[in-house]
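S.K.: Just passing along the structure, written as structure tokens.
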Amino acid sequence: MTAPRLVYCHCAYAKVVPAEVKGEVLRRLCASGREFEAVADLCEMSARKDPELRRYADGTPTRIAACFPRAVKWLFHAAQAPLPAQGVEVLNMREKTADEVAGRLLEEDA
Amino acid sequence: MNRVMLADDASLSAEQRYGAVAALLESGFNVRRGAAEGVLPIRASGREPRAVVDAALAAAGAPRAPWKPWFPVIDYDRCTNCMQCLTFCLFDVYGVDKNQKIQVQHETNCKTDCPACSRVCPEVAILFPKYKAGPINGDVVKQDDVKREAMKVDISALLGGDLYGALRTRQTEARQRFSTERDASKALLERKRCLKELGKQLDIPDEVLMSLPTVEDIQSRAERAKEKMAQRQARSQTVKDHRPPPSDKEWGI
């Protein structure tokens, strides 16, 4: 089974994601042996229409640790990189605990 | 380029890796762990996180253009293309595409911390991902939210009724007071106080409220948008009508 692509958003330009949650999720990612993409701010990538977003939306099973799934969905859409309906899971660091997010992010089965 | 990787990742402790990655993210770099093309390799071992960032800045070359982390995003699952945001926004953030579909066209025009268009949207279809509260921040829209938003700022009520009505009443009262007291500053203070109260209720910055267009402005803006659309439709119709008629060959004669 292919391991899902892991994307982590640091929401660097606002304090809306609790610092202790995003800090702990990043710490656990860094301690894992897994490959990942840590991005400074998905909003910035959307505003700049960063072509990397298209790669993240290419259909590869992906887990994104960021904020509200509705916001992430439409941020990708705004950058002309709509997320596929299947295979992408958004984990909300604004509402979930670091344990919940990191646990799911690093779970083995895709 | 702002995409980097730690070239000596394997030799770092988890804590060193975390320190370097967190510092790079805070400075606007995206960090890839694992080999990939088009990623700047940065060495981190033996360096403090700040020095890793300096190395990345030096390797990246010219700094990227600044951006503004405040702009609206449209939820097209909810949007009904009613154009209220387009007619309401004071800063021309919205426009329409060639299919007359509403879109965010000039996001950098958006007034930081102003969620007014989102409040005006009858379908709660406008998000500001960095807003503090739901559903504007992208949280799930509940039936109560739709009711509350509609109740709070039906555009006609906001611009034609409640707000302007309240302002007019206040202004009239202030004018009466002014005529008796001859004190312009008191009237102005009263207007400011009234706007501040409304601004607090709607979480709209003072300067936006102070420059709200009049009902007439909004109506004429809506008219102009309609005219533009009509002109565009007429133009595309004219282009269609002026195509040369199909040849005999094309007709299959």
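Every chain in the structure tokens has a letter given in the order shown (A, B, ...), and although residue numbers restart at 1 in each chain, ligands are simply numbered from 1 in the order shown.
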Could you give me, as CSV, every chain B residue with an atom at most 7 Å from chain A, plus its closest atom pair and distance in Å to one decimal, counting only C-alpha atoms, rows ordered by chain then number?
M.R.:
residue,atom,partner,partner_atom,distance
B:Ala14,CA,A:Ala31,CA,4.8
B:Arg17,CA,A:Cys30,CA,6.3
B:Tyr18,CA,A:Cys30,CA,5.6
B:Leu25,CA,A:Ala40,CA,4.6
B:Glu26,CA,A:Ala12,CA,5.6
B:Gly28,CA,A:Ala40,CA,5.2
B:Phe29,CA,A:Ala40,CA,5.9
B:Asn30,CA,A:Val39,CA,4.3
B:Val31,CA,A:Ala38,CA,5.0
B:Arg32,CA,A:Glu37,CA,4.6
B:Arg33,CA,A:Glu35,CA,5.0
B:Gly34,CA,A:Glu35,CA,5.2
B:Pro69,CA,A:Tyr13,CA,6.5
B:Val73,CA,A:Trp74,CA,6.5
B:Ile74,CA,A:Trp74,CA,6.7
B:Asp75,CA,A:Trp74,CA,6.0
B:Leu127,CA,A:Ala71,CA,7.0
B:Pro129,CA,A:Ala71,CA,5.8
B:Lys130,CA,A:Val16,CA,6.4
B:Lys132,CA,A:Val16,CA,6.4
B:Gly138,CA,A:Ala71,CA,4.6
B:Asp139,CA,A:Phe68,CA,5.7
S.K.: Take the residues that were just selected and, keeping C-alpha atoms, output them as an mmCIF file, in the first residue's frame.
M.R.:
data_model
loop_
_atom_site.group_PDB
_atom_site.id
_atom_site.type_symbol
_atom_site.label_atom_id
_atom_site.label_comp_id
_atom_site.auth_asym_id
_atom_site.auth_seq_id
_atom_site.Cartn_x
_atom_site.Cartn_y
_atom_site.Cartn_z
ATOM 1 C CA ALA B 14 14.743 15.134 15.626
ATOM 2 C CA ARG B 17 15.459 19.062 12.430
ATOM 3 C CA TYR B 18 12.383 20.520 14.126
ATOM 4 C CA LEU B 25 8.558 27.997 7.939
ATOM 5 C CA GLU B 26 8.348 31.081 10.136
ATOM 6 C CA GLY B 28 8.164 31.928 4.690
ATOM 7 C CA PHE B 29 10.089 28.961 3.275
ATOM 8 C CA ASN B 30 8.398 25.706 2.315
ATOM 9 C CA VAL B 31 10.385 22.686 3.457
ATOM 10 C CA ARG B 32 10.401 19.365 1.702
ATOM 11 C CA ARG B 33 11.642 16.300 3.505
ATOM 12 C CA GLY B 34 12.753 13.748 0.934
ATOM 13 C CA PRO B 69 -2.733 37.271 4.248
ATOM 14 C CA VAL B 73 -12.337 32.855 -0.899
ATOM 15 C CA ILE B 74 -15.636 31.872 -2.491
ATOM 16 C CA ASP B 75 -17.344 28.598 -1.597
ATOM 17 C CA LEU B 127 -14.691 32.715 3.606
ATOM 18 C CA PRO B 129 -9.576 31.522 6.234
ATOM 19 C CA LYS B 130 -7.698 33.679 8.737
ATOM 20 C CA LYS B 132 -11.226 34.207 14.064
ATOM 21 C CA GLY B 138 -14.418 28.012 6.842
ATOM 22 C CA ASP B 139 -16.097 26.149 9.663
#
S.K.: Once DSSP has gone over the backbone, tell me which residues of chain A are in strand (DSSP E), as a list in words.
M.R.: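 Taking chain A and keeping strand (DSSP E) gives Arg5, Leu6, Val7, Tyr8, Cys9, Phe36, Glu37, Ala38, Val39, Thr62, Arg63, Ile64, Ala65, Ala66, Val88, Glu89, Val90, Leu91 and Asn92 of chain A.
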S.K.: Keeping only C-alpha atoms, take the residues you just selected and write them out as a CSV table (one decimal), in the first residue's frame.
M.R.:
chain,number,residue,atom,x,y,z
A,5,ARG,CA,1.6,12.2,0.8
A,6,LEU,CA,1.8,14.4,3.9
A,7,VAL,CA,1.3,18.1,3.8
A,8,TYR,CA,1.6,20.3,6.8
A,9,CYS,CA,0.6,24.0,6.8
A,36,PHE,CA,6.6,15.4,4.1
A,37,GLU,CA,5.9,18.8,2.6
A,38,ALA,CA,5.8,21.5,5.3
A,39,VAL,CA,4.5,24.8,3.8
A,62,THR,CA,-2.8,13.0,0.6
A,63,ARG,CA,-3.3,14.0,4.1
A,64,ILE,CA,-3.2,17.7,4.8
A,65,ALA,CA,-2.8,19.1,8.3
A,66,ALA,CA,-4.1,22.7,8.1
A,88,VAL,CA,-7.6,13.8,0.2
A,89,GLU,CA,-8.1,14.1,4.0
A,90,VAL,CA,-7.8,17.5,5.7
A,91,LEU,CA,-7.0,17.4,9.4
A,92,ASN,CA,-8.1,20.6,11.2
S.K.: For the atom pair atom CA of B:Glu123 and atom CA of A:Tyr56, what is the interatomic distance in Å to one decimal place?
M.R.: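 Interatomic distance here is 29.1 Å.
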S.K.: If you measure from atom CA of B:Asn109 to atom CA of B:Asp92, what distance in Å do you get, rounded to one decimal?
M.R.: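 Atom CA of B:Asn109 sits 7.0 Å away from atom CA of B:Asp92.
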S.K.: Pick out each residue of stretch 3-90 of chain A that DSSP on the backbone tags as helix (DSSP H, G or I); I need them as a PyMOL selection string.
M.R.: chain A and resi 19-31+42-47+52-56+69-78
S.K.: Under the rule that only C-alpha atoms are counted, which of A:Pro51, A:Pro82, A:Pro18, A:Gly87 is the nearest residue to A:Ala3?
M.R.: A:Gly87
S.K.: When you count only C-alpha atoms, which of these residues is closest to B:Val96: B:Lys68, B:Ile42, B:Cys82, B:Cys110?
M.R.: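 Going through B:Lys68, B:Ile42, B:Cys82, B:Cys110 one by one, the smallest distance to B:Val96 is for B:Cys82.
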S.K.: Can you work out the spacing between atom CA of B:Pro205 and atom CA of B:Asn81 in Å, to one decimal?
M.R.: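 Interatomic distance, atom CA of B:Pro205 to atom CA of B:Asn81: 25.7 Å.
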S.K.: Would you pick out the contacts of B:Ala44 at 7 Å or less, using only C-alpha atoms, so that residues sharing its chain but fewer than 5 positions from it are not included, and give the list as a PDB file with N, CA and C atoms, in the first residue's frame?
M.R.:
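Result file part_12.pdb:
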ATOM      1  N   LEU B   6      16.516  20.053   3.819  1.00  0.00           N
ATOM      2  CA  LEU B   6      17.718  19.995   4.648  1.00  0.00           C
ATOM      3  C   LEU B   6      18.643  18.946   4.038  1.00  0.00           C
ATOM      4  N   ASP B   8      21.424  17.752   4.905  1.00  0.00           N
ATOM      5  CA  ASP B   8      22.026  16.787   5.823  1.00  0.00           C
ATOM      6  C   ASP B   8      20.996  16.275   6.836  1.00  0.00           C
ATOM      7  N   ALA B  20      15.171  23.681  12.851  1.00  0.00           N
ATOM      8  CA  ALA B  20      15.498  24.252  11.542  1.00  0.00           C
ATOM      9  C   ALA B  20      14.238  24.414  10.692  1.00  0.00           C
ATOM     10  N   VAL B  52      20.404  28.811   9.729  1.00  0.00           N
ATOM     11  CA  VAL B  52      19.839  27.994   8.644  1.00  0.00           C
ATOM     12  C   VAL B  52      18.967  28.890   7.753  1.00  0.00           C
TER      13      VAL B  52
END
S.K.: Skip stretch 57-60 of chain B itself and residues of its chain fewer than 5 positions away, then list as a short mmCIF file (atom, residue, chain, number, x, y, z; two decimals) with N, CA and C atoms, in the first residue's frame all residues within 10 Å of it, counting only C-alpha atoms.
M.R.:
data_model
loop_
_atom_site.label_atom_id
_atom_site.label_comp_id
_atom_site.auth_asym_id
_atom_site.auth_seq_id
_atom_site.Cartn_x
_atom_site.Cartn_y
_atom_site.Cartn_z
N MET B 1 12.98 31.38 -5.48
CA MET B 1 12.51 30.05 -5.06
C MET B 1 12.43 29.99 -3.53
N ASN B 2 11.36 29.41 -3.00
CA ASN B 2 11.28 29.35 -1.54
C ASN B 2 11.09 27.92 -1.04
N ARG B 3 11.38 26.96 -1.90
CA ARG B 3 11.21 25.56 -1.49
C ARG B 3 12.60 24.98 -1.19
N VAL B 4 12.78 24.56 0.05
CA VAL B 4 14.11 24.09 0.45
C VAL B 4 14.00 22.69 1.07
N LEU B 24 12.54 27.91 9.35
CA LEU B 24 12.36 28.16 7.91
C LEU B 24 10.90 28.48 7.58
N SER B 27 9.91 31.89 8.46
CA SER B 27 10.47 32.90 7.55
C SER B 27 9.90 32.79 6.14
N PHE B 29 9.60 30.02 4.16
CA PHE B 29 10.09 28.96 3.28
C PHE B 29 9.19 27.74 3.39
N LEU B 40 15.87 23.73 -3.07
CA LEU B 40 17.21 24.20 -2.68
C LEU B 40 17.73 23.39 -1.49
N PRO B 41 18.89 22.77 -1.61
CA PRO B 41 19.43 22.05 -0.46
C PRO B 41 20.15 23.01 0.50
N ILE B 42 19.80 22.94 1.75
CA ILE B 42 20.40 23.81 2.77
C ILE B 42 20.99 22.92 3.87
N ALA B 51 20.70 30.73 11.65
CA ALA B 51 21.74 30.65 10.63
C ALA B 51 21.26 29.79 9.44
N VAL B 52 20.40 28.81 9.73
CA VAL B 52 19.84 27.99 8.64
C VAL B 52 18.97 28.89 7.75
#
